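J.: Okay, here's the structure, questions in a sec.
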Amino acid sequence: MAEIAVRDALNQAIDEEMERDETVCIIGEEVAEYEGAYKVTRGLLKKYGAPRVQDTPITENGFTGLGIGAAMVGLRPIVEWMTFNFSIQALDQVINNAAKMRHMSGGQLKVPIVFRGPNGPAEYLSSQHSQALQSVYAHIPGLKVVSISNAYDAKGLLKSAIRDDNPVVFMEAELMYGWKGEVPDEEYLVPIGEAAVQREGDDVTLISFGKTMRPVHEAAEELANQGVNAEVIDLRTLRPLDEETVYASVRKTNRAVIVDEGWPIAGYGSYVGWLIGKNCFDELDAEVELVHSEDVPMPYNHTLELAVQPSTEKVVAAAKRVLYME
Amino acid sequence: MATQSAKKKAKDKYDVSDYEKEFLVGALEEMMLIRRFEEKAAQMYGLRKIGGFFHAYNGQEAISSAAVRALDMKRDYILTAYRDHGHAISCGIDPKFVMAELYGKITGVARGKGGSMHMFDAEKHMLGGNGIVGAQIPVATGVAFAEMYRKKVLGEKNSGCAFCFFGDGAVHQGAFHESLNMASVWNLPAVYVVENNQYGMGTAVSRVSAVTDFDVKAVGYAMSGTQLNGMDFLDVYEGFRAAAKEAIENERPTLIDCKTYRYKGHSISDPAKYRTKDELESFKARDPITLLQGRMHEAGMITDDEYRDIDQRVKDEVQEAVDFAERSDEPALDTMYEDIYVD
């Protein structure tokens, strides 16, 4: 077991899959000579050369569509979006082509492609650069949507995503690239569609995914200090959602707090809340809580931007509300 | 006007007697089949057997028929927009499966999931059928990227090219410009064909475009641009052959402005009040089927009887397609959950 950063875990996944399969390639802005805006593709141009590691012009719609076309005829491209904020430029290609091609062709075509990059707010970037767009992608049938929170899953899930025959939207986060975690020396895969119970407890279920897993674990620690045993679930895949792992936990704890750094209206967390309400109604001892970002565009000011987002304190408070501790 | 001069020149450029009779008869029959197919399907639309958007190819048949003859469809690919029935038939999809798709039946090319705008046959290298204006252009560029990759990375000897068709309306989408730039920078075997039928829905090209000849756009992407007379099968065929050669042998993309005209409105439900009868008639006077048949007739390559036989054959084939669609089953309700993910 080596302890490596998320960016290096992602790099290893791409490197191993490119080594294993010559049809795997990576395209995007600054992925080759600059080695990635966040250095995820470090060393890959030198090892594989162009066009397997291909810099693109700043044309998100164009190179995303290009990846889709290449996938339709046998390549397995990884499209790097410098951030998901820029993926909005490519939304037509993802929603209308990647997600629909198999359907429109009556099952004749497949689109084995990964769209990956950092999603959600970083710091001091204001509203255009600080958006958590998971709900937009999770809304679309035909896509798979993955959100990682640690180095182990980063590597194992990205390898699975690259091998998947469907379009996979793979969400990382700027602030997460330096997070370190243990990664096995031998090869492993983490399957798409399986949530992880990362901490066991009986009193309340905390459910999240992506970067907010960090405040969720901090909240679980804080709650433990106050005598509350929280169970922590990392959804890891938003589409298809591992509903059973969520229900099994809620049926045990009878209480649920969902943490989603997206906006609340028509948000992914709201959907999970509805599912729990519908499927665990008789087992719930309290209303389901949702900790979400404030329903505002992200301000630049640091105090304000932190106040907008879910935090350890907000998660602890929500857990205490469903436990009637406040 | 450049268009006029190009047409005049094209008329004298190729002589039918330089081509095999079988080749020309094949092309003529295919164009007639597409014409009959569209006429019959429009009738069936009128009877409410077919619903939704229906963009007829009448008038543009020379283009798809020339394309499949200029290409090696075992190796090359065709992608187009929503006016795609002609391309589907040219690519060799049996008209009965196209008609069944229009009917929304389970026997249709896309099992009733796609309809008029989404005709596909992966094995025949017909990759749709796209309903968003210009959205197929980056995708086609990606197919060309994969062909380049096959050659450069995988070392395959028989890599092909991608022919991308779109209307004059699509030229103003960012997707067009982004694609041409990438194709040029990376030397992709892509051929971009504007089927310039003079109208983007109900809007004349001149009302929304700074230029009406689109081959000039090639200059900004350092690729060659040519103009073809889309009403003249041989002009289109030779132009496409040259572009395919440029793509595969010289590894360079081409932009082609193919001047054509659609006889019907944008879709079947459009009465096309934005244009004059005289304009329509002036193009019908240069009808691609009549033009080719007339030249073959002049050169003694087809008799009136032979023409009538072909006409009867395509009528029968289209009727068979309708009969097939009529007697095919509706998709079962649970098929709605199929064809979304690969398991």
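Naming scheme: A, B, ... for chains in displayed order of the structure tokens; residues 1 onward per chain; ligands 1 onward as shown.
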For chain A against chain B, which residues fall within 6 Å using only C-alpha atoms, given as a list of chain:residue names?
T.: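 My answer is A:Gly62, A:Gly65, A:Leu66, A:Gly67, A:Ile68, A:Gly69, A:Ala70, A:Arg102, A:His103, A:Met104, A:Ser105, A:Gly106, A:Gly107, A:Gly142.
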J.: Using C-alpha atoms, can you write the selected residues to a file as an mmCIF file, in the first residue's frame?
T.:
data_model
loop_
_atom_site.group_PDB
_atom_site.id
_atom_site.type_symbol
_atom_site.label_atom_id
_atom_site.label_comp_id
_atom_site.auth_asym_id
_atom_site.auth_seq_id
_atom_site.Cartn_x
_atom_site.Cartn_y
_atom_site.Cartn_z
ATOM 1 C CA GLY A 62 -16.139 20.452 -30.530
ATOM 2 C CA GLY A 65 -18.381 15.726 -29.798
ATOM 3 C CA LEU A 66 -15.184 14.520 -31.434
ATOM 4 C CA GLY A 67 -14.629 12.106 -28.560
ATOM 5 C CA ILE A 68 -18.184 10.803 -28.943
ATOM 6 C CA GLY A 69 -17.702 10.162 -32.655
ATOM 7 C CA ALA A 70 -14.397 8.390 -32.037
ATOM 8 C CA ARG A 102 -27.520 3.965 -28.467
ATOM 9 C CA HIS A 103 -31.197 4.721 -28.036
ATOM 10 C CA MET A 104 -31.684 6.544 -31.340
ATOM 11 C CA SER A 105 -29.969 3.725 -33.198
ATOM 12 C CA GLY A 106 -32.188 1.100 -31.605
ATOM 13 C CA GLY A 107 -29.247 -0.410 -29.720
ATOM 14 C CA GLY A 142 -28.132 7.113 -21.064
#
J.: What's around segment 295-312 of chain B at 7 Å? Count only C-alpha atoms, leave out sequence neighbours fewer than 3 positions away in its own chain, and write the answer as a VMD selection string.
T.: chain B and resid 16 to 17 21 29 291 to 292 315 to 316
J.: So that I can check the secondary structure, give me every residue of segment 197-248 of chain B assigned alpha helix (DSSP H) by backbone DSSP, as a ChimeraX atom specification.
T.: /B:205-208,233-248
J.: The selected residues should be written to file as a PDB file, in the first residue's frame (atoms: C-alpha atoms).
T.:
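Output saved as part08.pdb:
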ATOM      1  CA  VAL B 205     -29.616  31.870 -46.859  1.00  0.00           C
ATOM      2  CA  SER B 206     -29.054  35.479 -47.914  1.00  0.00           C
ATOM      3  CA  ARG B 207     -31.145  36.761 -44.994  1.00  0.00           C
ATOM      4  CA  VAL B 208     -28.967  35.177 -42.311  1.00  0.00           C
ATOM      5  CA  PHE B 233     -25.053  13.564 -60.237  1.00  0.00           C
ATOM      6  CA  LEU B 234     -21.739  13.377 -62.111  1.00  0.00           C
ATOM      7  CA  ASP B 235     -20.481  16.706 -60.851  1.00  0.00           C
ATOM      8  CA  VAL B 236     -21.206  15.638 -57.289  1.00  0.00           C
ATOM      9  CA  TYR B 237     -19.763  12.160 -57.828  1.00  0.00           C
ATOM     10  CA  GLU B 238     -16.465  13.418 -59.234  1.00  0.00           C
ATOM     11  CA  GLY B 239     -16.227  16.162 -56.612  1.00  0.00           C
ATOM     12  CA  PHE B 240     -16.803  13.688 -53.797  1.00  0.00           C
ATOM     13  CA  ARG B 241     -14.266  11.258 -55.264  1.00  0.00           C
ATOM     14  CA  ALA B 242     -11.648  13.969 -55.311  1.00  0.00           C
ATOM     15  CA  ALA B 243     -12.450  14.969 -51.734  1.00  0.00           C
ATOM     16  CA  ALA B 244     -12.296  11.363 -50.506  1.00  0.00           C
ATOM     17  CA  LYS B 245      -8.921  10.974 -52.199  1.00  0.00           C
ATOM     18  CA  GLU B 246      -7.679  14.192 -50.601  1.00  0.00           C
ATOM     19  CA  ALA B 247      -8.859  12.891 -47.215  1.00  0.00           C
ATOM     20  CA  ILE B 248      -7.342   9.436 -47.443  1.00  0.00           C
TER      21      ILE B 248
END
J.: Which residues come within 10 Å of Val68 of chain B, counting only C-alpha atoms, excluding same-chain residues fewer than 3 positions away, as a PyMOL selection string?
T.: chain B and resi 27+63-65+71-73+76-78+87+90-92+163+237+240-241
J.: Segment 151-215 of chain A near segment 242-263 of chain A within 12 Å: what's each residue's closest atom pair and its distance in Å to one decimal, counting only C-alpha atoms, ordered by chain then ascending residue number, as JSON lines?
T.:
{"residue": "A:Ala173", "atom": "CA", "partner": "A:Glu261", "partner_atom": "CA", "distance": 11.6}
{"residue": "A:Pro191", "atom": "CA", "partner": "A:Asp242", "partner_atom": "CA", "distance": 11.2}
{"residue": "A:Ile192", "atom": "CA", "partner": "A:Asp242", "partner_atom": "CA", "distance": 9.4}
{"residue": "A:Gly193", "atom": "CA", "partner": "A:Asp242", "partner_atom": "CA", "distance": 5.7}
{"residue": "A:Glu194", "atom": "CA", "partner": "A:Asp242", "partner_atom": "CA", "distance": 5.4}
{"residue": "A:Ala195", "atom": "CA", "partner": "A:Asp242", "partner_atom": "CA", "distance": 5.7}
{"residue": "A:Ala196", "atom": "CA", "partner": "A:Thr245", "partner_atom": "CA", "distance": 7.9}
{"residue": "A:Val197", "atom": "CA", "partner": "A:Thr245", "partner_atom": "CA", "distance": 7.9}
{"residue": "A:Gln198", "atom": "CA", "partner": "A:Thr245", "partner_atom": "CA", "distance": 11.6}
{"residue": "A:Arg199", "atom": "CA", "partner": "A:Ser249", "partner_atom": "CA", "distance": 11.0}
{"residue": "A:Glu200", "atom": "CA", "partner": "A:Ser249", "partner_atom": "CA", "distance": 9.1}
{"residue": "A:Gly201", "atom": "CA", "partner": "A:Thr253", "partner_atom": "CA", "distance": 7.7}
{"residue": "A:Asp202", "atom": "CA", "partner": "A:Thr253", "partner_atom": "CA", "distance": 4.9}
{"residue": "A:Asp203", "atom": "CA", "partner": "A:Thr253", "partner_atom": "CA", "distance": 4.9}
{"residue": "A:Val204", "atom": "CA", "partner": "A:Arg255", "partner_atom": "CA", "distance": 4.8}
{"residue": "A:Thr205", "atom": "CA", "partner": "A:Ala256", "partner_atom": "CA", "distance": 4.7}
{"residue": "A:Leu206", "atom": "CA", "partner": "A:Val257", "partner_atom": "CA", "distance": 4.9}
{"residue": "A:Ile207", "atom": "CA", "partner": "A:Ile258", "partner_atom": "CA", "distance": 4.7}
{"residue": "A:Ser208", "atom": "CA", "partner": "A:Val259", "partner_atom": "CA", "distance": 4.9}
{"residue": "A:Phe209", "atom": "CA", "partner": "A:Asp260", "partner_atom": "CA", "distance": 7.3}
{"residue": "A:Gly210", "atom": "CA", "partner": "A:Asp260", "partner_atom": "CA", "distance": 8.7}
{"residue": "A:Lys211", "atom": "CA", "partner": "A:Glu261", "partner_atom": "CA", "distance": 8.3}
{"residue": "A:Thr212", "atom": "CA", "partner": "A:Glu261", "partner_atom": "CA", "distance": 6.8}
{"residue": "A:Met213", "atom": "CA", "partner": "A:Val259", "partner_atom": "CA", "distance": 8.4}
{"residue": "A:Arg214", "atom": "CA", "partner": "A:Val259", "partner_atom": "CA", "distance": 10.8}
{"residue": "A:Pro215", "atom": "CA", "partner": "A:Val259", "partner_atom": "CA", "distance": 9.4}
J.: Can you pull out every residue within 8 Å of Ala220 of chain A, counting only C-alpha atoms, but drop anything in the same chain fewer than 6 positions away, and send it as a list in words?
T.: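 Those residues are Asn229, Ala230, Glu231, Val232 and Val316 of chain A.
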J.: With distances taken over only C-alpha atoms, which residue among A:Ile78, A:Ile4, A:Leu175, A:Ile148 lies nearest Glu17 of chain A?
T.: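 Smallest separation from Glu17 of chain A among the options: A:Ile78.
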J.: Point out the residue among A:Pro167, A:Gly269, A:Pro264, A:Gly117 with the least atom-to-atom distance to Leu238 of chain A, counting only C-alpha atoms.
T.: A:Gly269
